[in-house]
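> Coordinates in coords-v6.tsv, TSV, C-alpha atoms, are listed below.
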chain	number	residue	atom	x	y	z
A	1	MET	CA	38.85	-14.07	166.78
A	2	LYS	CA	40.49	-17.27	168.02
A	3	ASP	CA	37.92	-19.98	168.73
A	4	ARG	CA	35.07	-17.59	168.19
A	5	ILE	CA	32.32	-17.90	165.61
A	6	GLU	CA	30.21	-14.86	164.84
A	7	ILE	CA	27.52	-14.41	162.25
A	8	ASP	CA	25.77	-11.10	161.63
A	9	ILE	CA	22.68	-10.98	159.42
A	10	ARG	CA	20.28	-8.22	158.46
A	11	VAL	CA	17.01	-9.09	156.74
A	12	PRO	CA	13.99	-7.10	155.57
A	13	ASN	CA	11.01	-7.22	157.92
A	14	LYS	CA	9.35	-10.11	156.04
A	15	THR	CA	8.47	-13.50	157.49
A	16	ARG	CA	9.65	-15.34	154.39
A	17	TYR	CA	13.20	-14.89	155.74
A	18	LEU	CA	12.44	-16.99	158.85
A	19	ARG	CA	13.23	-20.20	157.01
A	20	LEU	CA	16.61	-18.90	155.80
A	21	ILE	CA	17.83	-17.77	159.21
A	22	GLY	CA	16.45	-20.83	160.98
A	23	ARG	CA	18.41	-22.95	158.53
A	24	ILE	CA	21.62	-20.99	159.13
A	25	GLY	CA	21.29	-21.48	162.90
A	26	GLU	CA	20.54	-25.15	162.42
A	27	ASN	CA	23.62	-25.65	160.25
A	28	MET	CA	25.80	-23.84	162.78
A	29	ALA	CA	24.63	-26.14	165.56
A	30	LYS	CA	25.11	-29.26	163.45
A	31	ALA	CA	28.69	-28.23	162.76
A	32	LEU	CA	29.69	-27.96	166.44
A	33	GLU	CA	32.21	-30.79	166.46
A	34	LYS	CA	32.89	-30.79	170.17
A	35	TYR	CA	29.34	-30.42	171.44
A	36	GLY	CA	28.70	-33.37	173.73
A	37	GLY	CA	24.91	-33.39	173.58
A	38	ASP	CA	22.45	-34.30	170.84
A	39	ARG	CA	23.45	-32.04	167.93
A	40	GLU	CA	20.29	-32.75	165.94
A	41	GLU	CA	18.14	-31.67	168.89
A	42	LEU	CA	20.28	-28.58	169.52
A	43	ALA	CA	19.99	-27.67	165.82
A	44	TYR	CA	16.20	-27.93	165.95
A	45	HIS	CA	16.04	-25.83	169.11
A	46	ILE	CA	18.27	-23.12	167.64
A	47	ASN	CA	16.11	-23.02	164.51
A	48	LEU	CA	13.07	-22.72	166.77
A	49	VAL	CA	14.33	-19.93	169.06
A	50	LEU	CA	15.58	-17.98	166.01
A	51	THR	CA	12.20	-18.38	164.30
A	52	GLU	CA	10.26	-17.38	167.42
A	53	SER	CA	12.41	-14.38	168.29
A	54	ILE	CA	12.66	-13.02	164.73
A	55	ALA	CA	8.91	-13.46	164.15
A	56	ASN	CA	8.33	-11.52	167.40
A	57	ALA	CA	10.68	-8.78	166.22
A	58	MET	CA	8.96	-8.57	162.82
A	59	LEU	CA	5.34	-8.75	163.95
A	60	HIS	CA	5.38	-7.10	167.40
A	61	GLY	CA	8.65	-5.13	167.60
A	62	ASN	CA	8.62	-3.73	164.06
A	63	GLN	CA	4.82	-4.06	163.81
A	64	GLU	CA	4.95	-5.62	160.33
A	65	ASP	CA	6.46	-2.46	158.80
A	66	PRO	CA	8.10	-3.62	155.53
A	67	GLU	CA	10.45	-0.61	155.58
A	68	LYS	CA	12.10	-1.84	158.78
A	69	GLU	CA	14.66	-4.58	159.18
A	70	VAL	CA	15.73	-7.15	161.74
A	71	HIS	CA	19.36	-7.59	162.69
A	72	ILE	CA	20.49	-10.95	164.07
A	73	SER	CA	23.81	-11.66	165.69
A	74	ILE	CA	24.82	-15.22	166.59
A	75	SER	CA	28.05	-16.01	168.41
A	76	ILE	CA	29.61	-19.10	169.88
A	77	HIS	CA	32.55	-18.68	172.23
A	78	CYS	CA	33.87	-20.67	175.19
A	79	GLY	CA	30.89	-22.98	175.39
A	80	LYS	CA	28.38	-20.14	175.26
A	81	LEU	CA	25.93	-19.65	172.43
A	82	SER	CA	24.54	-16.14	172.29
A	83	ILE	CA	21.80	-14.92	169.97
A	84	LYS	CA	20.78	-11.27	169.76
A	85	VAL	CA	17.78	-10.12	167.76
A	86	PHE	CA	17.47	-6.36	167.22
A	87	ASP	CA	14.20	-4.74	166.17
A	88	GLN	CA	13.48	-1.09	165.35
A	89	GLY	CA	10.21	-0.80	167.23
A	90	THR	CA	8.95	0.80	170.41
A	91	GLY	CA	9.23	-2.45	172.35
A	92	PHE	CA	7.16	-4.63	174.61
A	93	ASP	CA	7.91	-5.91	178.07
A	94	ILE	CA	8.41	-9.67	177.97
A	95	SER	CA	8.43	-9.84	181.77
A	96	THR	CA	4.69	-9.10	181.71
A	97	LEU	CA	3.94	-12.08	179.45
A	98	SER	CA	2.57	-15.03	181.35
A	99	PRO	CA	2.80	-18.62	180.11
A	100	PRO	CA	-0.13	-19.67	177.91
A	101	CYS	CA	-3.09	-21.09	179.78
A	102	ILE	CA	-3.71	-24.63	178.61
A	103	GLU	CA	-7.34	-24.65	179.75
A	104	GLU	CA	-8.16	-21.47	177.87
A	105	LEU	CA	-6.48	-22.74	174.70
A	106	ASP	CA	-4.88	-19.41	173.82
A	107	GLU	CA	-3.84	-19.15	170.19
A	108	HIS	CA	-0.96	-16.81	171.05
A	109	GLY	CA	1.69	-16.41	173.72
A	110	ARG	CA	3.68	-19.61	173.32
A	111	GLY	CA	6.67	-18.03	171.54
A	112	ILE	CA	8.38	-16.45	174.55
A	113	PHE	CA	7.42	-19.49	176.66
A	114	ILE	CA	9.24	-21.73	174.15
A	115	ILE	CA	12.30	-19.46	174.10
A	116	ARG	CA	12.45	-19.39	177.91
A	117	SER	CA	12.07	-23.17	178.04
A	118	LEU	CA	14.92	-23.86	175.61
A	119	MET	CA	17.45	-21.14	176.49
A	120	ASP	CA	19.31	-20.55	179.77
A	121	GLU	CA	19.14	-16.75	179.87
A	122	VAL	CA	16.67	-14.43	178.16
A	123	SER	CA	16.58	-10.64	178.38
A	124	TYR	CA	14.93	-7.82	176.45
A	125	ARG	CA	16.43	-4.35	176.55
A	126	ARG	CA	15.58	-0.97	175.11
A	127	LEU	CA	18.28	0.59	172.93
A	128	GLU	CA	18.56	4.01	171.36
A	129	ASN	CA	16.89	2.99	168.09
A	130	GLY	CA	14.93	-0.10	169.03
A	131	ASN	CA	15.26	-3.13	171.25
A	132	VAL	CA	17.33	-6.27	171.58
A	133	LEU	CA	16.21	-9.70	172.69
A	134	GLU	CA	19.26	-11.57	173.95
A	135	MET	CA	19.25	-15.31	174.49
A	136	VAL	CA	22.07	-17.41	175.89
A	137	LYS	CA	22.53	-21.15	175.98
A	138	PHE	CA	25.43	-22.79	177.77
A	139	LEU	CA	26.66	-25.82	175.90
A	140	PRO	CA	27.76	-28.76	178.09
A	141	GLU	CA	31.06	-27.92	179.83
A	142	HIS	CA	32.96	-31.06	178.84
A	143	SER	CA	32.29	-30.46	175.19
A	144	LEU	CA	33.47	-26.98	174.37
A	145	ASN	CA	36.72	-25.39	175.43
A	146	SER	CA	37.80	-24.26	172.04
A	147	GLU	CA	35.04	-24.49	169.49
A	148	THR	CA	35.62	-25.39	165.89
A	149	ILE	CA	33.36	-25.82	162.94
A	150	SER	CA	33.77	-29.03	160.99
A	151	GLU	CA	34.49	-28.89	157.29
B	1	MET	CA	0.35	-22.90	151.68
B	2	ASN	CA	0.53	-26.22	149.93
B	3	CYS	CA	-2.02	-28.79	151.15
B	4	ASP	CA	-3.82	-31.79	149.68
B	5	VAL	CA	-7.46	-31.72	150.80
B	6	THR	CA	-9.50	-34.92	150.39
B	7	GLU	CA	-13.05	-35.56	151.48
B	8	LYS	CA	-13.33	-38.96	153.13
B	9	ASP	CA	-16.42	-40.72	154.53
B	10	THR	CA	-15.88	-39.59	158.11
B	11	ALA	CA	-13.85	-36.40	157.85
B	12	VAL	CA	-11.82	-34.13	155.60
B	13	LEU	CA	-8.17	-35.13	155.37
B	14	ILE	CA	-5.68	-32.26	155.04
B	15	GLU	CA	-2.16	-33.35	154.17
B	16	VAL	CA	0.20	-30.44	154.78
B	17	LYS	CA	2.82	-30.35	152.04
B	18	GLU	CA	5.13	-27.79	153.62
B	19	GLU	CA	8.37	-28.48	155.44
B	20	ARG	CA	7.61	-25.69	157.91
B	21	LEU	CA	4.42	-24.54	159.59
B	22	ASP	CA	5.49	-21.17	160.99
B	23	ALA	CA	4.71	-17.45	161.28
B	24	HIS	CA	5.09	-17.13	157.50
B	25	ASN	CA	2.32	-19.53	156.46
B	26	SER	CA	0.19	-20.21	159.56
B	27	SER	CA	-2.36	-17.46	158.80
B	28	GLU	CA	-3.00	-18.91	155.36
B	29	PHE	CA	-3.39	-22.38	156.89
B	30	LYS	CA	-5.91	-20.98	159.38
B	31	SER	CA	-7.89	-19.41	156.52
B	32	GLN	CA	-7.92	-22.70	154.61
B	33	MET	CA	-9.38	-24.48	157.63
B	34	LEU	CA	-11.90	-21.66	158.15
B	35	SER	CA	-13.23	-22.01	154.61
B	36	LEU	CA	-13.83	-25.72	155.26
B	37	PHE	CA	-15.74	-24.90	158.46
B	38	GLU	CA	-17.80	-22.35	156.53
B	39	ASP	CA	-18.71	-25.12	154.09
B	40	GLY	CA	-20.02	-27.17	157.02
B	41	LYS	CA	-17.06	-29.54	157.12
B	42	ASN	CA	-16.40	-29.70	160.84
B	43	ASN	CA	-14.43	-32.92	161.19
B	44	LEU	CA	-10.83	-32.53	160.10
B	45	VAL	CA	-7.76	-34.76	160.16
B	46	ILE	CA	-4.49	-32.86	159.75
B	47	ASP	CA	-1.69	-35.10	158.49
B	48	LEU	CA	1.65	-33.54	159.43
B	49	LYS	CA	3.93	-36.30	158.17
B	50	GLY	CA	5.60	-33.95	155.69
B	51	VAL	CA	6.15	-31.20	158.28
B	52	ARG	CA	9.57	-31.12	159.88
B	53	PHE	CA	9.22	-27.87	161.81
B	54	VAL	CA	6.37	-26.21	163.73
B	55	ASP	CA	6.67	-22.95	165.69
B	56	SER	CA	4.25	-21.28	168.11
B	57	SER	CA	2.31	-19.69	165.23
B	58	GLY	CA	1.81	-23.11	163.63
B	59	LEU	CA	0.63	-24.50	166.95
B	60	GLY	CA	-1.67	-21.47	167.30
B	61	ALA	CA	-3.23	-22.18	163.90
B	62	LEU	CA	-3.95	-25.78	164.92
B	63	VAL	CA	-5.42	-24.59	168.25
B	64	SER	CA	-7.61	-22.17	166.29
B	65	GLY	CA	-8.79	-24.99	164.03
B	66	PHE	CA	-9.47	-27.23	167.02
B	67	LYS	CA	-11.52	-24.52	168.76
B	68	ASN	CA	-13.51	-23.82	165.60
B	69	ALA	CA	-14.19	-27.52	165.00
B	70	THR	CA	-15.33	-28.26	168.55
B	71	ALA	CA	-17.47	-25.09	168.66
B	72	ARG	CA	-19.31	-26.55	165.64
B	73	ASN	CA	-19.69	-29.97	167.31
B	74	GLY	CA	-16.91	-31.37	165.18
B	75	ASN	CA	-13.33	-32.31	165.92
B	76	LEU	CA	-9.83	-31.75	164.63
B	77	LYS	CA	-7.42	-34.65	165.01
B	78	LEU	CA	-3.74	-34.92	164.14
B	79	CYS	CA	-1.54	-37.65	162.69
B	80	GLY	CA	1.92	-38.27	161.28
B	81	LEU	CA	3.87	-36.15	163.77
B	82	GLN	CA	7.65	-36.34	163.33
B	83	PRO	CA	9.54	-36.72	166.64
B	84	GLN	CA	10.71	-33.08	166.88
B	85	VAL	CA	7.23	-31.83	165.99
B	86	LYS	CA	5.73	-34.10	168.64
B	87	SER	CA	8.18	-32.70	171.18
B	88	MET	CA	6.73	-29.23	170.53
B	89	PHE	CA	3.26	-30.47	171.48
B	90	GLU	CA	4.71	-31.98	174.64
B	91	LEU	CA	6.67	-28.85	175.56
B	92	THR	CA	3.52	-26.72	175.28
B	93	ARG	CA	1.30	-29.51	176.74
B	94	LEU	CA	-0.91	-29.43	173.66
B	95	HIS	CA	-0.57	-33.22	173.36
B	96	ARG	CA	-3.21	-33.30	176.11
B	97	VAL	CA	-5.59	-31.26	173.97
B	98	PHE	CA	-5.39	-32.95	170.57
B	99	GLU	CA	-6.12	-36.55	169.70
B	100	ILE	CA	-2.93	-37.66	167.97
B	101	PHE	CA	-2.71	-40.78	165.79
B	102	PRO	CA	0.25	-42.47	164.06
B	103	GLY	CA	-1.31	-42.34	160.58
B	104	SER	CA	-4.31	-40.94	158.71
B	105	GLU	CA	-6.14	-44.28	158.50
B	106	GLU	CA	-6.29	-44.58	162.30
B	107	ALA	CA	-7.32	-40.94	162.64
B	108	LEU	CA	-10.11	-41.21	160.04
B	109	ALA	CA	-11.37	-44.47	161.57
B	110	SER	CA	-11.69	-42.79	164.99
B	111	PHE	CA	-14.59	-40.54	163.89
As C-alpha coordinates - that is how I would like this structure written.

Amino acid sequence: MKDRIEIDIRVPNKTRYLRLIGRIGENMAKALEKYGGDREELAYHINLVLTESIANAMLHGNQEDPEKEVHISISIHCGKLSIKVFDQGTGFDISTLSPPCIEELDEHGRGIFIIRSLMDEVSYRRLENGNVLEMVKFLPEHSLNSETISE
Amino acid sequence: MNCDVTEKDTAVLIEVKEERLDAHNSSEFKSQMLSLFEDGKNNLVIDLKGVRFVDSSGLGALVSGFKNATARNGNLKLCGLQPQVKSMFELTRLHRVFEIFPGSEEALASF
(Lines of atoms letter the chains of each structure in order from A and count residues from 1; the text may use other names and numbers.)
(Lines give C-alpha, C1' and ligand atoms only; values in the text may rest on other atoms or scores of the structure.)
Protein backbone atom coordinates (compact mmCIF):
# COMPACT_ATOMS: atom_id res chain seq x y z
CA MET A 1 0.00 0.00 0.00
CA LYS A 2 3.02 2.30 -0.22
CA ASP A 3 2.07 5.74 -1.54
CA ARG A 4 -1.43 4.60 -2.32
CA ILE A 5 -4.64 6.02 -0.91
CA GLU A 6 -7.82 4.03 -1.27
CA ILE A 7 -11.26 4.72 0.09
CA ASP A 8 -14.18 2.33 -0.31
CA ILE A 9 -17.69 3.47 0.59
CA ARG A 10 -21.09 1.84 0.32
CA VAL A 11 -24.21 3.94 0.81
CA PRO A 12 -27.96 3.26 0.59
CA ASN A 13 -29.57 4.38 -2.66
CA LYS A 14 -30.65 7.76 -1.23
CA THR A 15 -29.64 11.16 -2.55
CA ARG A 16 -29.14 12.57 0.94
CA TYR A 17 -25.76 10.78 0.95
CA LEU A 18 -24.48 12.86 -2.00
CA ARG A 19 -23.34 15.63 0.32
CA LEU A 20 -21.39 13.22 2.54
CA ILE A 21 -19.47 11.57 -0.29
CA GLY A 22 -18.88 14.84 -2.12
CA ARG A 23 -17.36 16.19 1.08
CA ILE A 24 -15.10 13.16 1.50
CA GLY A 25 -13.79 13.56 -2.06
CA GLU A 26 -13.29 17.27 -1.51
CA ASN A 27 -11.30 16.69 1.67
CA MET A 28 -9.13 14.08 -0.06
CA ALA A 29 -8.26 16.53 -2.83
CA LYS A 30 -7.52 19.33 -0.38
CA ALA A 31 -5.09 17.08 1.46
CA LEU A 32 -2.95 16.29 -1.61
CA GLU A 33 0.23 17.99 -0.43
CA LYS A 34 2.21 17.57 -3.61
CA TYR A 35 -0.48 18.49 -6.12
CA GLY A 36 0.90 21.35 -8.16
CA GLY A 37 -2.39 22.79 -9.41
CA ASP A 38 -5.20 24.67 -7.67
CA ARG A 39 -6.25 22.33 -4.85
CA GLU A 40 -9.44 24.25 -4.09
CA GLU A 41 -10.55 23.92 -7.71
CA LEU A 42 -9.60 20.24 -7.83
CA ALA A 43 -11.56 19.66 -4.61
CA TYR A 44 -14.67 21.30 -6.08
CA HIS A 45 -14.36 19.28 -9.28
CA ILE A 46 -13.99 15.99 -7.38
CA ASN A 47 -17.05 16.85 -5.28
CA LEU A 48 -18.90 17.59 -8.52
CA VAL A 49 -17.97 14.44 -10.46
CA LEU A 50 -18.75 12.30 -7.38
CA THR A 51 -22.14 14.01 -6.99
CA GLU A 52 -22.98 13.66 -10.69
CA SER A 53 -21.89 10.04 -11.01
CA ILE A 54 -23.51 8.85 -7.77
CA ALA A 55 -26.77 10.67 -8.56
CA ASN A 56 -26.75 8.94 -11.98
CA ALA A 57 -26.17 5.58 -10.31
CA MET A 58 -28.99 6.18 -7.81
CA LEU A 59 -31.59 7.64 -10.15
CA HIS A 60 -30.85 5.94 -13.49
CA GLY A 61 -28.69 2.89 -12.69
CA ASN A 62 -30.56 1.76 -9.57
CA GLN A 63 -33.78 3.49 -10.69
CA GLU A 64 -34.42 5.04 -7.26
CA ASP A 65 -34.83 1.61 -5.62
CA PRO A 66 -34.25 2.22 -1.87
CA GLU A 67 -33.31 -1.44 -1.38
CA LYS A 68 -30.25 -1.06 -3.61
CA GLU A 69 -26.93 0.52 -2.76
CA VAL A 70 -24.13 2.39 -4.47
CA HIS A 71 -20.51 1.41 -3.99
CA ILE A 72 -17.83 4.04 -4.51
CA SER A 73 -14.12 3.39 -4.73
CA ILE A 74 -11.64 6.28 -4.83
CA SER A 75 -7.91 5.74 -5.25
CA ILE A 76 -4.91 7.96 -5.73
CA HIS A 77 -1.67 6.37 -6.87
CA CYS A 78 1.29 7.59 -8.93
CA GLY A 79 -0.35 10.84 -9.96
CA LYS A 80 -3.56 9.14 -11.05
CA LEU A 81 -6.90 9.72 -9.38
CA SER A 82 -9.40 6.98 -10.11
CA ILE A 83 -13.05 6.98 -9.09
CA LYS A 84 -15.31 3.98 -9.64
CA VAL A 85 -19.04 4.12 -9.00
CA PHE A 86 -20.87 0.78 -8.99
CA ASP A 87 -24.63 0.53 -9.38
CA GLN A 88 -26.87 -2.55 -9.26
CA GLY A 89 -29.06 -1.69 -12.22
CA THR A 90 -29.51 -2.84 -15.79
CA GLY A 91 -27.38 -0.02 -17.15
CA PHE A 92 -27.51 2.67 -19.77
CA ASP A 93 -25.11 3.42 -22.58
CA ILE A 94 -23.36 6.73 -21.91
CA SER A 95 -21.85 6.72 -25.41
CA THR A 96 -25.34 7.41 -26.79
CA LEU A 97 -25.76 10.56 -24.67
CA SER A 98 -25.15 13.72 -26.62
CA PRO A 99 -24.13 17.03 -25.03
CA PRO A 100 -27.08 19.18 -23.96
CA CYS A 101 -28.39 21.51 -26.62
CA ILE A 102 -28.08 25.08 -25.40
CA GLU A 103 -30.75 26.39 -27.78
CA GLU A 104 -33.30 23.83 -26.66
CA LEU A 105 -32.61 24.52 -22.98
CA ASP A 106 -32.77 20.88 -21.93
CA GLU A 107 -33.34 20.42 -18.22
CA HIS A 108 -31.40 17.14 -18.20
CA GLY A 109 -28.27 15.66 -19.75
CA ARG A 110 -25.58 17.91 -18.32
CA GLY A 111 -24.25 15.42 -15.75
CA ILE A 112 -22.23 13.18 -18.07
CA PHE A 113 -21.16 16.26 -20.06
CA ILE A 114 -19.75 17.78 -16.84
CA ILE A 115 -17.98 14.53 -15.91
CA ARG A 116 -16.44 14.24 -19.39
CA SER A 117 -15.35 17.89 -19.27
CA LEU A 118 -13.58 17.58 -15.91
CA MET A 119 -12.08 14.07 -16.08
CA ASP A 120 -9.46 12.70 -18.49
CA GLU A 121 -10.94 9.23 -19.03
CA VAL A 122 -14.53 8.07 -18.59
CA SER A 123 -15.88 4.57 -19.21
CA TYR A 124 -19.03 2.66 -18.31
CA ARG A 125 -18.96 -1.12 -18.22
CA ARG A 126 -21.45 -3.87 -17.54
CA LEU A 127 -20.53 -6.23 -14.70
CA GLU A 128 -22.10 -9.44 -13.49
CA ASN A 129 -24.39 -7.73 -10.97
CA GLY A 130 -24.61 -4.17 -12.24
CA ASN A 131 -22.39 -1.58 -13.86
CA VAL A 132 -19.38 0.55 -13.10
CA LEU A 133 -18.67 4.09 -14.18
CA GLU A 134 -14.92 4.64 -14.04
CA MET A 135 -13.39 8.09 -14.17
CA VAL A 136 -9.69 8.93 -14.21
CA LYS A 137 -7.93 12.22 -13.74
CA PHE A 138 -4.18 12.59 -14.18
CA LEU A 139 -2.75 15.02 -11.69
CA PRO A 140 0.08 17.24 -13.01
CA GLU A 141 3.24 15.16 -13.51
CA HIS A 142 5.63 17.41 -11.58
CA SER A 143 3.46 17.27 -8.50
CA LEU A 144 2.91 13.63 -7.66
CA ASN A 145 5.51 10.91 -7.63
CA SER A 146 4.75 9.60 -4.21
CA GLU A 147 1.52 10.95 -2.84
CA THR A 148 0.98 11.74 0.80
CA ILE A 149 -1.91 13.10 2.75
CA SER A 150 -1.13 16.01 5.04
CA GLU A 151 -1.97 15.78 8.70
CA MET B 1 -35.38 23.15 0.83
CA ASN B 2 -34.68 26.24 2.85
CA CYS B 3 -35.48 29.52 1.05
CA ASP B 4 -36.48 33.04 2.06
CA VAL B 5 -39.20 34.28 -0.31
CA THR B 6 -39.94 38.02 -0.34
CA GLU B 7 -42.33 39.88 -2.59
CA LYS B 8 -40.73 43.07 -3.87
CA ASP B 9 -42.20 45.78 -6.11
CA THR B 10 -40.80 44.38 -9.34
CA ALA B 11 -40.31 40.68 -8.68
CA VAL B 12 -40.25 37.92 -6.09
CA LEU B 13 -36.86 37.49 -4.45
CA ILE B 14 -35.89 33.92 -3.53
CA GLU B 15 -32.81 33.67 -1.33
CA VAL B 16 -31.63 30.06 -1.32
CA LYS B 17 -30.45 29.13 2.16
CA GLU B 18 -28.81 25.83 1.27
CA GLU B 19 -25.10 25.19 0.85
CA ARG B 20 -25.83 22.77 -2.01
CA LEU B 21 -28.33 22.81 -4.84
CA ASP B 22 -28.11 19.23 -6.09
CA ALA B 23 -30.00 16.06 -7.02
CA HIS B 24 -31.21 15.79 -3.42
CA ASN B 25 -33.11 19.09 -3.22
CA SER B 26 -33.51 20.37 -6.80
CA SER B 27 -36.97 18.80 -7.31
CA GLU B 28 -38.28 20.53 -4.21
CA PHE B 29 -36.79 23.83 -5.41
CA LYS B 30 -38.51 23.36 -8.78
CA SER B 31 -41.84 22.76 -7.02
CA GLN B 32 -41.41 25.91 -4.92
CA MET B 33 -40.87 27.97 -8.07
CA LEU B 34 -43.84 26.27 -9.76
CA SER B 35 -46.19 27.24 -6.93
CA LEU B 36 -45.12 30.88 -7.37
CA PHE B 37 -45.85 30.69 -11.11
CA GLU B 38 -49.24 29.17 -10.34
CA ASP B 39 -49.94 32.19 -8.13
CA GLY B 40 -49.22 34.44 -11.11
CA LYS B 41 -45.80 35.54 -9.88
CA ASN B 42 -43.78 35.28 -13.07
CA ASN B 43 -40.81 37.52 -12.34
CA LEU B 44 -38.28 35.87 -10.06
CA VAL B 45 -34.84 36.79 -8.77
CA ILE B 46 -32.88 33.84 -7.39
CA ASP B 47 -30.16 34.93 -4.97
CA LEU B 48 -27.52 32.20 -4.79
CA LYS B 49 -25.06 33.96 -2.51
CA GLY B 50 -25.40 31.27 0.16
CA VAL B 51 -24.95 28.41 -2.32
CA ARG B 52 -21.45 26.99 -2.55
CA PHE B 53 -22.20 24.02 -4.81
CA VAL B 54 -24.50 23.46 -7.79
CA ASP B 55 -24.69 20.24 -9.83
CA SER B 56 -26.44 19.48 -13.12
CA SER B 57 -29.76 18.86 -11.32
CA GLY B 58 -29.55 22.28 -9.68
CA LEU B 59 -28.81 23.86 -13.04
CA GLY B 60 -31.73 21.89 -14.51
CA ALA B 61 -34.09 23.28 -11.86
CA LEU B 62 -33.02 26.84 -12.70
CA VAL B 63 -33.46 26.14 -16.44
CA SER B 64 -36.94 24.79 -15.68
CA GLY B 65 -37.78 27.95 -13.73
CA PHE B 66 -36.43 30.14 -16.51
CA LYS B 67 -38.49 28.31 -19.15
CA ASN B 68 -41.64 28.54 -17.02
CA ALA B 69 -41.11 32.25 -16.33
CA THR B 70 -40.49 33.20 -19.96
CA ALA B 71 -43.41 31.05 -21.16
CA ARG B 72 -45.59 33.23 -18.89
CA ASN B 73 -44.06 36.46 -20.23
CA GLY B 74 -41.98 36.83 -17.10
CA ASN B 75 -38.31 36.33 -16.38
CA LEU B 76 -36.00 34.57 -13.97
CA LYS B 77 -32.76 36.35 -13.15
CA LEU B 78 -29.85 35.27 -10.97
CA CYS B 79 -27.54 37.05 -8.54
CA GLY B 80 -24.89 36.40 -5.92
CA LEU B 81 -23.05 33.60 -7.73
CA GLN B 82 -19.92 32.39 -5.92
CA PRO B 83 -16.93 31.90 -8.26
CA GLN B 84 -17.14 28.08 -8.42
CA VAL B 85 -20.90 28.25 -8.99
CA LYS B 86 -20.37 30.79 -11.76
CA SER B 87 -17.82 28.48 -13.36
CA MET B 88 -20.55 25.82 -13.64
CA PHE B 89 -22.71 28.22 -15.66
CA GLU B 90 -19.74 28.94 -17.91
CA LEU B 91 -18.86 25.27 -18.36
CA THR B 92 -22.42 24.48 -19.46
CA ARG B 93 -22.75 27.83 -21.34
CA LEU B 94 -25.83 28.71 -19.30
CA HIS B 95 -24.29 32.11 -18.51
CA ARG B 96 -25.48 33.04 -22.01
CA VAL B 97 -29.05 32.13 -21.12
CA PHE B 98 -29.55 33.77 -17.72
CA GLU B 99 -29.20 37.42 -16.82
CA ILE B 100 -26.73 37.35 -13.94
CA PHE B 101 -26.24 40.25 -11.52
CA PRO B 102 -23.76 40.80 -8.67
CA GLY B 103 -26.45 41.41 -6.04
CA SER B 104 -30.22 41.30 -5.54
CA GLU B 105 -30.65 45.09 -5.66
CA GLU B 106 -29.25 45.26 -9.21
CA ALA B 107 -31.30 42.25 -10.27
CA LEU B 108 -34.57 43.66 -8.85
CA ALA B 109 -33.89 47.08 -10.40
CA SER B 110 -33.49 45.49 -13.85
CA PHE B 111 -37.18 44.53 -14.12
> Using only C-alpha atoms, which protein or nucleic acid residues come within 8 Å of Val54 (chain B)? Drop anything in the same chain fewer than 4 positions from it, and give the result as a PyMOL selection string.
chain B and resi 20-22+58-59+85+88
> When you draw a straight line from CA of Glu52 (chain A) to CA of Arg4 (chain A), how long is it in Å?
24.8 Å
> Report as a ChimeraX atom specification the set of chain A residues whose atoms approach chain B to within 12 Å, with distances computed over all atoms listed in the file.
/A:13-20,22-23,26,40-59,64,99-118
> Between CA of Asp8 (chain A) and CA of Glu18 (chain B), what is the distance, to one decimal in Å?
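Computing it gives 27.7 Å between the two atoms.
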> Restricting the calculation to all atoms listed in the file: of B:Phe101, B:Leu44, B:Lys30, B:Val51, which residue gets closest to Leu76 (chain B)?
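Between B:Phe101, B:Leu44, B:Lys30, B:Val51, the residue approaching Leu76 (chain B) most closely is B:Leu44.
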